$ cat my_file.txt   # compact mmCIF, C-alpha atoms
# COMPACT_ATOMS: atom_id res chain seq x y z
CA MET Y 19 166.13 241.77 -70.42
CA CYS Y 20 167.98 239.76 -67.78
CA PHE Y 21 169.75 242.93 -66.66
CA PHE Y 22 166.44 244.60 -65.86
CA PHE Y 23 164.59 241.58 -64.56
CA LEU Y 24 166.98 239.58 -62.39
CA PRO Y 25 170.75 239.31 -62.09
CA ALA Y 26 170.34 235.58 -61.53
CA CYS Y 27 169.06 234.90 -65.07
CA GLY Y 28 172.37 233.24 -65.89
CA LEU Y 29 171.90 230.71 -63.10
CA LEU Y 30 169.26 228.57 -64.85
CA HIS Y 31 169.85 224.94 -63.96
CA ASP Y 32 170.35 221.91 -66.21
CA VAL Y 33 168.99 218.65 -64.84
CA ASP Y 34 171.39 215.69 -64.92
CA ILE Y 35 169.27 212.77 -66.16
CA LYS Y 36 172.06 210.18 -65.71
CA PRO Y 37 173.60 210.75 -62.28
CA SER Y 38 176.22 208.36 -60.92
CA PRO Y 39 177.34 207.47 -57.40
CA THR Y 40 180.12 209.61 -55.99
CA ILE Y 41 182.27 206.46 -55.75
CA GLU Y 42 183.48 204.90 -58.99
CA PRO Y 43 182.29 201.28 -59.40
CA LYS Y 44 184.89 198.52 -59.65
CA ALA Y 45 185.56 196.66 -62.87
CA SER Y 46 184.33 193.38 -61.38
CA PHE Y 47 183.27 191.70 -58.17
CA ALA Y 48 186.07 190.32 -56.02
CA MET Y 49 184.35 186.94 -55.79
CA SER Y 50 182.71 186.92 -59.22
CA HIS Y 51 182.41 183.69 -61.19
CA SER Y 52 182.99 183.19 -64.88
CA LYS Y 53 180.83 185.47 -67.01
CA SER Y 54 180.33 182.67 -69.52
CA LEU Y 55 177.65 181.08 -67.35
CA PRO Y 56 174.19 181.48 -68.87
CA VAL Y 57 171.71 183.75 -67.15
CA GLU Y 58 167.99 184.20 -67.82
CA LEU Y 59 167.15 187.73 -66.76
CA GLN Y 60 163.72 187.77 -68.35
CA ARG Y 61 162.26 185.06 -66.11
CA PRO Y 62 161.42 185.44 -62.41
CA TRP Y 63 164.41 184.45 -60.32
CA TRP Y 64 162.49 181.93 -58.21
CA GLU Y 65 161.67 179.80 -61.25
CA SER Y 66 165.31 178.69 -61.27
CA PHE Y 67 164.49 176.47 -58.27
CA LYS Y 68 162.09 174.48 -60.51
CA ARG Y 69 159.51 174.12 -57.75
CA PRO Y 70 155.95 174.69 -59.01
CA GLN Y 71 154.55 174.89 -55.49
CA LEU Y 72 156.99 177.64 -54.53
CA ASN Y 73 156.10 179.49 -57.75
CA GLN Y 74 152.43 179.30 -56.85
CA ILE Y 75 152.96 180.59 -53.30
CA ILE Y 76 155.09 183.52 -54.50
CA GLU Y 77 152.56 184.48 -57.18
CA SER Y 78 149.82 184.38 -54.55
CA SER Y 79 151.84 186.64 -52.26
CA LEU Y 80 152.49 189.16 -55.04
CA ASN Y 81 148.75 189.42 -55.67
CA ASN Y 82 147.50 189.44 -52.07
CA ASN Y 83 150.25 190.82 -49.84
CA GLN Y 84 149.28 193.99 -47.96
CA THR Y 85 152.72 195.59 -48.14
CA VAL Y 86 152.56 195.35 -51.94
CA ALA Y 87 149.07 196.87 -51.78
CA GLN Y 88 150.47 199.82 -49.80
CA ALA Y 89 153.23 200.37 -52.37
CA ILE Y 90 150.72 200.28 -55.23
CA ALA Y 91 148.47 202.79 -53.45
CA SER Y 92 151.48 205.08 -52.97
CA LEU Y 93 152.22 204.76 -56.69
CA ARG Y 94 148.67 205.77 -57.59
CA GLN Y 95 148.99 208.85 -55.39
CA ALA Y 96 152.15 209.87 -57.25
CA GLN Y 97 150.44 209.27 -60.61
CA ALA Y 98 147.56 211.54 -59.60
CA ILE Y 99 149.94 214.29 -58.46
CA THR Y 100 151.81 214.01 -61.76
CA LYS Y 101 148.56 214.51 -63.68
CA GLN Y 102 147.91 217.64 -61.63
CA SER Y 103 151.35 219.15 -62.27
CA VAL Y 104 151.24 218.34 -66.00
CA SER Y 105 147.78 219.89 -66.33
CA GLU Y 106 149.06 223.19 -64.91
CA ARG Y 107 151.16 223.71 -68.06
CA TYR Y 108 148.05 223.99 -70.23
CA PRO Y 109 145.35 226.68 -70.38
CA GLN Y 110 142.72 226.34 -67.68
CA VAL Y 111 139.18 226.76 -69.04
CA ASP Y 112 136.23 227.44 -66.72
CA LEU Y 113 132.54 227.95 -67.33
CA GLU Y 114 131.31 231.05 -65.51
CA GLY Y 115 127.90 232.56 -64.94
CA GLN Y 116 126.30 235.12 -62.67
CA ALA Y 117 122.98 236.89 -62.15
CA SER Y 118 121.99 239.73 -59.86
CA LYS Y 119 119.05 242.03 -58.98
CA GLN Y 120 118.98 245.27 -57.03
CA TRP Y 121 116.05 246.81 -55.14
CA ASN Y 122 115.54 250.30 -53.75
CA ASP Y 123 112.86 250.66 -51.03
CA GLY Y 124 111.37 247.35 -52.06
CA GLN Y 125 111.07 248.30 -55.73
CA GLU Y 126 113.01 246.36 -58.37
CA GLN Y 127 115.46 248.76 -59.96
CA ARG Y 128 118.08 246.76 -61.94
CA GLU Y 129 119.03 243.24 -62.93
CA SER Y 130 122.02 241.88 -64.80
CA SER Y 131 123.37 238.49 -65.89
CA SER Y 132 126.32 237.02 -67.76
CA PHE Y 133 127.30 233.59 -68.94
CA GLY Y 134 130.46 232.43 -70.74
CA VAL Y 135 133.91 230.86 -70.54
CA ALA Y 136 137.12 232.06 -68.90
CA ILE Y 137 140.67 231.03 -69.82
CA SER Y 138 143.84 231.39 -67.77
CA TRP Y 139 147.33 230.37 -68.87
CA GLU Y 140 150.84 230.96 -67.54
CA ALA Y 141 153.49 231.45 -70.18
CA ASP Y 142 156.13 229.10 -68.81
CA LEU Y 143 159.10 231.06 -70.16
CA TRP Y 144 161.62 229.58 -67.74
CA ASN Y 145 160.11 226.05 -67.67
CA ARG Y 146 159.17 226.34 -64.02
CA LEU Y 147 156.02 224.29 -64.49
CA GLY Y 148 157.91 221.92 -66.77
CA TYR Y 149 160.50 221.21 -64.08
CA ALA Y 150 157.72 220.68 -61.52
CA ALA Y 151 156.04 218.16 -63.83
CA GLN Y 152 159.38 216.46 -64.50
CA SER Y 153 160.01 216.14 -60.77
CA ASP Y 154 156.61 214.57 -60.20
CA ARG Y 155 157.04 212.19 -63.13
CA LEU Y 156 160.35 211.02 -61.70
CA THR Y 157 158.74 210.59 -58.30
CA THR Y 158 156.18 208.36 -60.01
CA THR Y 159 159.01 206.41 -61.63
CA ALA Y 160 160.63 206.00 -58.22
CA ARG Y 161 157.34 204.73 -56.79
CA LYS Y 162 157.04 202.22 -59.64
CA GLN Y 163 160.50 200.90 -58.92
CA ASN Y 164 159.67 200.84 -55.23
CA VAL Y 165 156.74 198.54 -56.00
CA GLU Y 166 159.14 196.24 -57.85
CA ALA Y 167 161.60 196.41 -54.94
CA VAL Y 168 158.85 195.48 -52.48
CA LYS Y 169 157.83 192.56 -54.69
CA LEU Y 170 161.44 191.41 -54.97
CA ALA Y 171 161.95 191.55 -51.21
CA LEU Y 172 158.63 189.79 -50.70
CA SER Y 173 159.53 186.96 -53.08
CA ALA Y 174 162.84 186.49 -51.27
CA GLU Y 175 161.09 186.41 -47.89
CA VAL Y 176 158.56 183.86 -49.14
CA ALA Y 177 161.32 181.65 -50.55
CA ASN Y 178 163.26 181.95 -47.29
CA ALA Y 179 160.20 180.93 -45.22
CA TYR Y 180 159.45 178.11 -47.67
CA PHE Y 181 162.89 176.54 -47.44
CA ASN Y 182 163.03 177.12 -43.69
CA VAL Y 183 159.93 174.96 -43.39
CA VAL Y 184 161.64 172.27 -45.46
CA ALA Y 185 164.84 172.56 -43.40
CA ALA Y 186 162.92 172.36 -40.11
CA ARG Y 187 161.12 169.23 -41.31
CA LYS Y 188 164.38 167.60 -42.38
CA LEU Y 189 165.90 168.53 -39.04
CA LEU Y 190 162.90 167.05 -37.23
CA ILE Y 191 163.33 163.78 -39.15
CA LEU Y 192 167.02 163.77 -38.33
CA LEU Y 193 166.36 164.47 -34.66
CA ASN Y 194 163.83 161.64 -34.46
CA GLU Y 195 166.30 159.28 -36.10
CA GLN Y 196 169.00 160.42 -33.68
CA LEU Y 197 166.63 159.96 -30.76
CA ASN Y 198 165.81 156.42 -31.86
CA LEU Y 199 169.50 155.68 -32.23
CA ASP Y 200 170.27 157.11 -28.79
CA ARG Y 201 167.51 155.01 -27.24
CA LYS Y 202 168.78 151.85 -28.92
CA LEU Y 203 172.26 152.63 -27.73
CA LEU Y 204 170.87 153.15 -24.22
CA GLN Y 205 169.29 149.71 -24.41
CA LEU Y 206 172.60 148.28 -25.61
CA LEU Y 207 174.49 149.86 -22.72
CA GLN Y 208 171.88 148.54 -20.27
CA LEU Y 209 172.34 145.07 -21.75
CA ARG Y 210 176.12 145.35 -21.38
CA LYS Y 211 175.71 146.37 -17.75
CA ASP Y 212 173.32 143.50 -17.11
CA ASN Y 213 175.99 141.16 -18.52
CA GLY Y 214 178.62 142.67 -16.22
CA VAL Y 215 180.46 144.63 -18.96
CA GLY Y 216 179.10 148.21 -18.72
CA THR Y 217 178.88 150.70 -15.88
CA ASN Y 218 176.27 153.02 -14.44
CA VAL Y 219 178.31 155.99 -15.65
CA ASP Y 220 177.91 154.87 -19.28
CA ILE Y 221 174.16 154.51 -18.80
CA LEU Y 222 173.80 157.93 -17.17
CA GLN Y 223 175.83 159.57 -19.93
CA GLN Y 224 173.66 157.96 -22.58
CA LYS Y 225 170.47 159.00 -20.78
CA SER Y 226 171.80 162.55 -20.90
CA ARG Y 227 172.28 162.25 -24.67
CA VAL Y 228 168.72 160.95 -25.03
CA ALA Y 229 167.42 163.93 -23.06
CA ASP Y 230 169.46 166.31 -25.22
CA SER Y 231 167.95 164.82 -28.38
CA GLU Y 232 164.42 164.97 -26.95
CA LYS Y 233 164.65 168.65 -26.00
CA LEU Y 234 165.57 169.68 -29.58
CA ILE Y 235 162.46 168.16 -31.15
CA PRO Y 236 159.97 170.81 -29.86
CA LEU Y 237 162.23 173.57 -31.22
CA ALA Y 238 162.13 172.07 -34.71
CA GLU Y 239 158.35 171.70 -34.46
CA ILE Y 240 158.11 175.37 -33.45
CA ASP Y 241 160.12 176.42 -36.52
CA ILE Y 242 157.82 174.47 -38.84
CA LYS Y 243 154.71 176.17 -37.48
CA VAL Y 244 156.28 179.64 -37.26
CA PHE Y 245 157.48 179.62 -40.87
CA GLU Y 246 154.19 178.17 -42.10
CA ASN Y 247 152.40 181.02 -40.30
CA ARG Y 248 154.79 183.44 -41.97
CA LEU Y 249 153.87 182.06 -45.36
CA ASP Y 250 150.18 182.56 -44.55
CA VAL Y 251 150.72 186.23 -43.62
CA LEU Y 252 152.93 186.90 -46.64
CA THR Y 253 150.23 185.55 -48.92
CA GLY Y 254 147.61 187.76 -47.28
CA LYS Y 255 145.86 185.06 -45.24
CA LEU Y 256 145.20 184.48 -41.57
CA PRO Y 257 147.52 181.85 -40.05
CA ASP Y 258 145.83 178.46 -39.94
CA ALA Y 259 146.71 174.83 -39.41
CA ASN Y 260 147.00 174.07 -43.11
CA MET Y 261 150.49 173.40 -44.45
CA GLN Y 262 151.45 175.13 -47.69
CA VAL Y 263 154.74 173.28 -48.17
CA ALA Y 264 154.53 169.68 -49.38
CA LYS Y 265 155.94 167.09 -46.97
CA ASN Y 266 158.02 165.44 -49.69
CA GLU Y 267 159.89 168.68 -50.48
CA ASP Y 268 163.70 168.52 -50.33
CA LEU Y 269 166.68 170.87 -50.29
CA SER Y 270 168.36 169.95 -53.55
CA PHE Y 271 169.67 172.92 -55.55
CA SER Y 272 171.60 173.58 -58.72
CA GLN Y 273 175.38 173.58 -58.35
CA LYS Y 274 175.86 176.56 -60.69
CA LEU Y 275 175.53 180.27 -60.08
CA PRO Y 276 174.27 182.64 -62.78
CA SER Y 277 176.49 185.33 -64.23
CA ILE Y 278 176.41 188.39 -62.01
CA GLY Y 279 178.20 190.77 -64.40
CA VAL Y 280 179.96 193.87 -63.07
CA PRO Y 281 179.03 196.17 -60.17
CA ALA Y 282 177.93 198.98 -62.50
CA ALA Y 283 175.24 196.67 -63.89
CA LEU Y 284 173.48 196.90 -60.52
CA LEU Y 285 172.45 200.42 -61.49
CA SER Y 286 170.29 199.08 -64.31
CA ASN Y 287 169.04 195.85 -62.69
CA ARG Y 288 168.10 196.51 -59.07
CA PRO Y 289 164.73 198.24 -58.62
CA ASP Y 290 165.77 199.88 -55.34
CA LEU Y 291 168.71 201.53 -57.09
CA LYS Y 292 166.47 202.58 -59.97
CA ALA Y 293 164.08 204.14 -57.47
CA ALA Y 294 166.90 205.98 -55.69
CA GLN Y 295 168.27 207.26 -58.99
CA ALA Y 296 164.85 208.51 -60.10
CA GLN Y 297 164.40 210.26 -56.75
CA LEU Y 298 167.82 211.87 -57.19
CA ILE Y 299 166.91 213.23 -60.64
CA SER Y 300 163.60 214.44 -59.20
CA ALA Y 301 165.51 216.39 -56.54
CA ASP Y 302 167.66 217.92 -59.29
CA ALA Y 303 164.51 219.01 -61.14
CA ASP Y 304 163.28 220.62 -57.91
CA ILE Y 305 166.44 222.76 -57.92
CA ALA Y 306 165.68 223.90 -61.47
CA GLU Y 307 162.08 224.67 -60.52
CA ALA Y 308 163.16 226.74 -57.51
CA ILE Y 309 165.60 228.75 -59.64
CA ALA Y 310 162.96 229.31 -62.32
CA ASP Y 311 160.60 230.55 -59.62
CA ARG Y 312 162.92 233.53 -59.15
CA MET Y 313 162.36 234.60 -62.74
CA PRO Y 314 159.56 236.85 -64.10
CA ARG Y 315 156.14 235.22 -64.40
CA ILE Y 316 153.68 236.14 -67.15
CA THR Y 317 150.03 235.06 -66.99
CA LEU Y 318 147.37 235.57 -69.65
CA ASP Y 319 143.67 235.67 -68.72
CA GLY Y 320 140.71 235.92 -71.06
CA SER Y 321 136.98 235.47 -71.10
CA TYR Y 322 134.06 235.47 -73.51
CA ALA Y 323 130.57 235.92 -72.09
CA LEU Y 324 127.04 236.90 -73.03
CA SER Y 325 126.08 239.88 -70.87
CA ASP Y 326 122.67 241.39 -70.21
CA THR Y 327 122.64 244.58 -68.14
CA ALA Y 328 120.73 247.82 -68.06
CA ARG Y 329 123.36 249.50 -70.20
CA PHE Y 330 124.45 246.70 -72.56
CA SER Y 331 123.22 243.40 -73.89
CA GLY Y 332 125.43 241.15 -76.05
CA PRO Y 333 128.77 239.33 -76.17
CA VAL Y 334 131.69 240.67 -74.16
CA SER Y 335 135.33 239.63 -74.72
CA VAL Y 336 138.13 240.37 -72.27
CA ILE Y 337 141.85 239.57 -72.45
CA MET Y 338 144.42 240.58 -69.85
CA GLY Y 339 148.09 239.96 -69.26
CA SER Y 340 149.83 240.13 -65.89
CA PHE Y 341 153.53 240.34 -65.16
CA ILE Y 342 155.15 239.47 -61.82
CA GLN Y 343 158.83 239.99 -61.07
CA PRO Y 344 160.04 239.19 -57.54
CA LEU Y 345 161.98 242.16 -56.24
CA LEU Y 346 162.23 241.85 -52.46
CA ASP Y 347 161.30 238.60 -50.71
CA TRP Y 348 163.97 238.78 -48.00
CA GLY Y 349 165.78 235.72 -49.33
CA ASN Y 350 162.73 233.44 -49.38
CA ARG Y 351 163.16 232.09 -52.92
CA LYS Y 352 166.93 231.93 -52.64
CA ALA Y 353 166.58 229.90 -49.44
CA GLN Y 354 164.30 227.49 -51.31
CA VAL Y 355 167.01 226.99 -53.93
CA GLU Y 356 169.59 226.34 -51.22
CA ARG Y 357 167.22 223.91 -49.49
CA ASN Y 358 166.66 221.97 -52.71
CA ARG Y 359 170.41 221.81 -53.35
CA ALA Y 360 170.91 220.37 -49.87
CA LEU Y 361 168.12 217.84 -50.53
CA TYR Y 362 169.89 216.83 -53.72
CA GLN Y 363 173.13 216.22 -51.83
CA GLN Y 364 171.18 214.17 -49.31
CA HIS Y 365 169.64 212.02 -52.07
CA LEU Y 366 173.04 211.67 -53.75
CA ALA Y 367 174.62 210.42 -50.53
CA ALA Y 368 171.73 208.01 -49.99
CA TYR Y 369 172.05 206.78 -53.58
CA THR Y 370 175.78 206.21 -53.18
CA GLN Y 371 175.30 204.43 -49.85
CA LEU Y 372 172.62 202.19 -51.35
CA PHE Y 373 174.95 201.32 -54.23
CA LEU Y 374 177.76 200.45 -51.80
CA GLU Y 375 175.43 198.23 -49.79
CA ALA Y 376 174.23 196.55 -53.01
CA VAL Y 377 177.79 195.68 -53.99
CA GLU Y 378 178.44 194.52 -50.42
CA SER Y 379 175.41 192.21 -50.45
CA VAL Y 380 176.52 190.60 -53.71
CA GLU Y 381 180.08 190.16 -52.46
CA ASN Y 382 178.81 188.62 -49.22
CA ALA Y 383 176.44 186.31 -51.07
CA LEU Y 384 179.22 185.11 -53.36
CA ILE Y 385 181.69 184.39 -50.56
CA ARG Y 386 179.00 182.68 -48.48
CA GLU Y 387 178.03 180.53 -51.44
CA LYS Y 388 181.61 179.52 -52.10
CA LYS Y 389 182.51 178.79 -48.48
CA GLN Y 390 179.22 177.03 -47.80
CA ARG Y 391 179.95 174.60 -50.63
CA GLU Y 392 183.45 174.03 -49.18
CA PHE Y 393 181.86 173.40 -45.79
CA MET Y 394 179.42 170.86 -47.25
CA GLU Y 395 182.25 169.05 -49.06
CA ARG Y 396 184.30 168.80 -45.86
CA LEU Y 397 181.21 167.75 -43.92
CA ASP Y 398 180.64 164.94 -46.43
CA ALA Y 399 184.26 163.88 -46.03
CA ARG Y 400 183.88 163.91 -42.24
CA SER Y 401 180.69 161.82 -42.51
CA THR Y 402 182.54 159.26 -44.63
CA VAL Y 403 185.26 158.95 -41.99
CA SER Y 404 182.68 158.64 -39.20
CA LEU Y 405 180.84 155.94 -41.12
CA ALA Y 406 184.08 154.03 -41.68
CA LEU Y 407 184.86 154.19 -37.95
CA SER Y 408 181.38 153.04 -36.94
CA VAL Y 409 181.48 149.79 -38.97
CA PRO Y 410 184.22 148.05 -36.91
CA ILE Y 411 182.47 149.05 -33.68
CA ALA Y 412 179.20 147.55 -34.83
CA SER Y 413 181.01 144.41 -35.98
CA THR Y 414 182.77 144.05 -32.63
CA SER Y 415 179.53 144.50 -30.73
CA SER Y 416 177.87 141.86 -32.88
CA LYS Y 417 180.69 139.35 -32.20
CA ASN Y 418 180.29 139.93 -28.46
CA GLY Y 419 176.58 139.12 -28.73
CA LEU Y 420 175.53 142.55 -27.50
CA CYS Y 421 173.44 143.69 -30.49
$ encode --input "my_file.txt" --output "structure tokens"
Amino acid sequence: MCFFFLPACGLLHDVDIKPSPTIEPKASFAMSHSKSLPVELQRPWWESFKRPQLNQIIESSLNNNQTVAQAIASLRQAQAITKQSVSERYPQVDLEGQASKQWNDGQEQRESSSFGVAISWEADLWNRLGYAAQSDRLTTTARKQNVEAVKLALSAEVANAYFNVVAARKLLILLNEQLNLDRKLLQLLQLRKDNGVGTNVDILQQKSRVADSEKLIPLAEIDIKVFENRLDVLTGKLPDANMQVAKNEDLSFSQKLPSIGVPAALLSNRPDLKAAQAQLISADADIAEAIADRMPRITLDGSYALSDTARFSGPVSVIMGSFIQPLLDWGNRKAQVERNRALYQQHLAAYTQLFLEAVESVENALIREKKQREFMERLDARSTVSLALSVPIASTSSKNGLC
């Protein structure tokens, strides 16, 4: 039959339901920690901070954020399209009725009527409709994962704004303390000058330091308000003067990192990668659908109606079969196959690039975490040295009667 119908019958396409990036994942992350560390993958990641207020703000954002609402609406569109494509695989049943009258020179001559059901069904011999439904189902899956990706990004943005508010407040406290210290030191230098020990240069230099400290305070106050406004918008509210972050919040965190596994595990954990993979499989199904569209198409139509005409009155049954075999379309269907293959390569490249960037982000996060802890340790050591140096100076000043 293939010989008579289409030479391309042997080109039917198999959909790869488990595609992989074109670059082989590494065995482990370069900066990975011990895999023996416990990890709780079933709980939301932000709960590891053990901050009920942050949990409440994130939950509010997930329920009220407008970007999440857009993603959910897009998902519902895909679900509706999937229902349409799946329904096309089954017989379509319609209720039909008609009535007519004919007149000749104003005199009624004939009337007829019919009422019944009509059925139409395409015998999907090459699974063309099945591939179309599979493609739409995978698009729906991609939209679902996109919703999760949007929620994940949103939770990270909320947490970032939350801790930026805390950091700005801590910085503001520190700046005020520094300003008070600078002013006291300015008074001390003025006292030394009044006693004939200091100079005007020392006083002018200290006034400059006081001015430097004063100019940083408005910037910290700006950050507090800006990030509080960001939290309002992320939670679907108009910015107001109310503070969502408690004033007694701090920046203490756990000293341990969870197990991050191996790079290949990103394929099964990250929603953006899941979405990209589903979109890639959907593109592969589109190739199969386009190839199947080049095959013969058989459609069965039938009806059963009660008819009342001048010649006959009673039930009428009709069944018909139609056969369509593309012969000459000037390369239209073949071009569609080539287009879908190119789209698949585009999705594959995008999927691979997204995987590379995912591995990069984890590597960067790990090295930043490690080096940031080293920086904090060295900063603590430097603070200890500075404190040790400041004690003799304070003692000397006290002996001279200048404090």
$ closest_atom_pairs --input "my_file.txt" --of "region 130-236 of chain Y" --to "region 71-91 of chain Y" --cutoff "12 Å" --atoms "all atoms listed in the file" --output "Markdown table"
| residue | atom | partner | partner_atom | distance |
| --- | --- | --- | --- | --- |
| Y:Thr158 | CA | Y:Ile90 | CA | 10.9 |
| Y:Ala160 | CA | Y:Ala89 | CA | 11.0 |
| Y:Arg161 | CA | Y:Ala89 | CA | 7.4 |
| Y:Lys162 | CA | Y:Ile90 | CA | 7.9 |
| Y:Gln163 | CA | Y:Ala89 | CA | 9.8 |
| Y:Asn164 | CA | Y:Ala89 | CA | 7.1 |
| Y:Val165 | CA | Y:Ala89 | CA | 5.4 |
| Y:Glu166 | CA | Y:Val86 | CA | 8.9 |
| Y:Ala167 | CA | Y:Val86 | CA | 9.6 |
| Y:Val168 | CA | Y:Val86 | CA | 6.3 |
| Y:Lys169 | CA | Y:Leu80 | CA | 6.3 |
| Y:Leu170 | CA | Y:Leu80 | CA | 9.2 |
| Y:Ala171 | CA | Y:Val86 | CA | 10.2 |
| Y:Leu172 | CA | Y:Leu80 | CA | 7.5 |
| Y:Ser173 | CA | Y:Ile76 | CA | 5.8 |
| Y:Ala174 | CA | Y:Ile76 | CA | 8.9 |
| Y:Glu175 | CA | Y:Ile76 | CA | 9.4 |
| Y:Val176 | CA | Y:Ile76 | CA | 6.4 |
| Y:Ala177 | CA | Y:Leu72 | CA | 7.1 |
| Y:Asn178 | CA | Y:Leu72 | CA | 10.5 |
| Y:Ala179 | CA | Y:Leu72 | CA | 10.4 |
| Y:Tyr180 | CA | Y:Leu72 | CA | 7.3 |
| Y:Phe181 | CA | Y:Leu72 | CA | 9.3 |
| Y:Val183 | CA | Y:Leu72 | CA | 11.8 |
| Y:Val184 | CA | Y:Leu72 | CA | 11.5 |
$ residues_around --input "my_file.txt" --residues "region 351-366 of chain Y" --least-positions-apart "6" --cutoff "8 Å" --atoms "all atoms listed in the file" --output "ChimeraX atom specification"
/Y:39-40,294,297-298,301-302,304-305,308-309,311-312
$ residues_around --input "my_file.txt" --residues "Ile342 (chain Y)" --least-positions-apart "3" --cutoff "8 Å" --atoms "only C-alpha atoms" --output "JSON, numbers by chain"
{"Y": [314, 315, 316]}
$ atom_distance --input "my_file.txt" --atom1 "CA of Leu93 (chain Y)" --atom2 "CA of Asp142 (chain Y)"
27.5 Å
$ closest_residue --input "my_file.txt" --among "Y:Ser118, Y:Gln343, Y:Asn260, Y:Asn145" --to "His31 (chain Y)" --atoms "only C-alpha atoms"
Y:Asn145
$ residues_around --input "my_file.txt" --residues "region 98-111 of chain Y" --least-positions-apart "6" --cutoff "7 Å" --atoms "only C-alpha atoms" --output "list in words"
Val135, Ala136, Ile137, Ser138, Trp139, Leu147, Ala150, Ala151, Asp154 and Arg155 of chain Y
$ write_last_selection --input "my_file.txt" --atoms "C-alpha atoms" --output "CSV table (one decimal), in the coordinates of the input"
chain,number,residue,atom,x,y,z
Y,135,VAL,CA,133.9,230.9,-70.5
Y,136,ALA,CA,137.1,232.1,-68.9
Y,137,ILE,CA,140.7,231.0,-69.8
Y,138,SER,CA,143.8,231.4,-67.8
Y,139,TRP,CA,147.3,230.4,-68.9
Y,147,LEU,CA,156.0,224.3,-64.5
Y,150,ALA,CA,157.7,220.7,-61.5
Y,151,ALA,CA,156.0,218.2,-63.8
Y,154,ASP,CA,156.6,214.6,-60.2
Y,155,ARG,CA,157.0,212.2,-63.1
$ atom_distance --input "my_file.txt" --atom1 "CA of Gln116 (chain Y)" --atom2 "CA of Thr327 (chain Y)"
11.5 Å
$ atom_distance --input "my_file.txt" --atom1 "CA of Val228 (chain Y)" --atom2 "CA of Leu209 (chain Y)"
16.6 Å
$ residues_near_point --input "my_file.txt" --point "(131.8, 228.8, -68.0)" --cutoff "7 Å" --atoms "only C-alpha atoms" --output "list in words"
Asp112, Leu113, Glu114, Gly115, Phe133, Gly134, Val135 and Ala136 of chain Y
$ decode --input "my_file.txt" --residues "region 259-270 of chain Y" --atoms "N, CA and C atoms" --output "compact mmCIF listing (two decimals), in the first residue's frame"
# COMPACT_ATOMS: atom_id res chain seq x y z
N ALA Y 259 2.97 52.84 53.53
CA ALA Y 259 3.96 53.18 54.56
C ALA Y 259 4.13 52.10 55.60
N ASN Y 260 3.36 51.03 55.49
CA ASN Y 260 3.44 49.94 56.47
C ASN Y 260 4.66 49.06 56.19
N MET Y 261 5.36 48.69 57.24
CA MET Y 261 6.53 47.84 57.12
C MET Y 261 6.14 46.37 57.31
N GLN Y 262 6.56 45.53 56.37
CA GLN Y 262 6.24 44.11 56.47
C GLN Y 262 7.31 43.33 57.24
N VAL Y 263 8.51 43.87 57.31
CA VAL Y 263 9.61 43.18 57.97
C VAL Y 263 9.74 43.69 59.40
N ALA Y 264 9.76 42.78 60.35
CA ALA Y 264 9.87 43.17 61.76
C ALA Y 264 11.19 43.88 62.02
N LYS Y 265 11.17 44.87 62.92
CA LYS Y 265 12.38 45.65 63.20
C LYS Y 265 13.43 44.86 63.96
N ASN Y 266 13.02 43.79 64.64
CA ASN Y 266 13.98 42.99 65.41
C ASN Y 266 14.57 41.84 64.58
N GLU Y 267 14.32 41.84 63.26
CA GLU Y 267 14.86 40.78 62.42
C GLU Y 267 16.37 40.91 62.32
N ASP Y 268 17.06 39.75 62.16
CA ASP Y 268 18.52 39.77 62.05
C ASP Y 268 18.96 39.02 60.81
N LEU Y 269 20.26 38.86 60.66
CA LEU Y 269 20.83 38.21 59.49
C LEU Y 269 21.59 36.95 59.85
N SER Y 270 21.13 36.24 60.84
CA SER Y 270 21.78 34.99 61.23
C SER Y 270 21.27 33.86 60.35
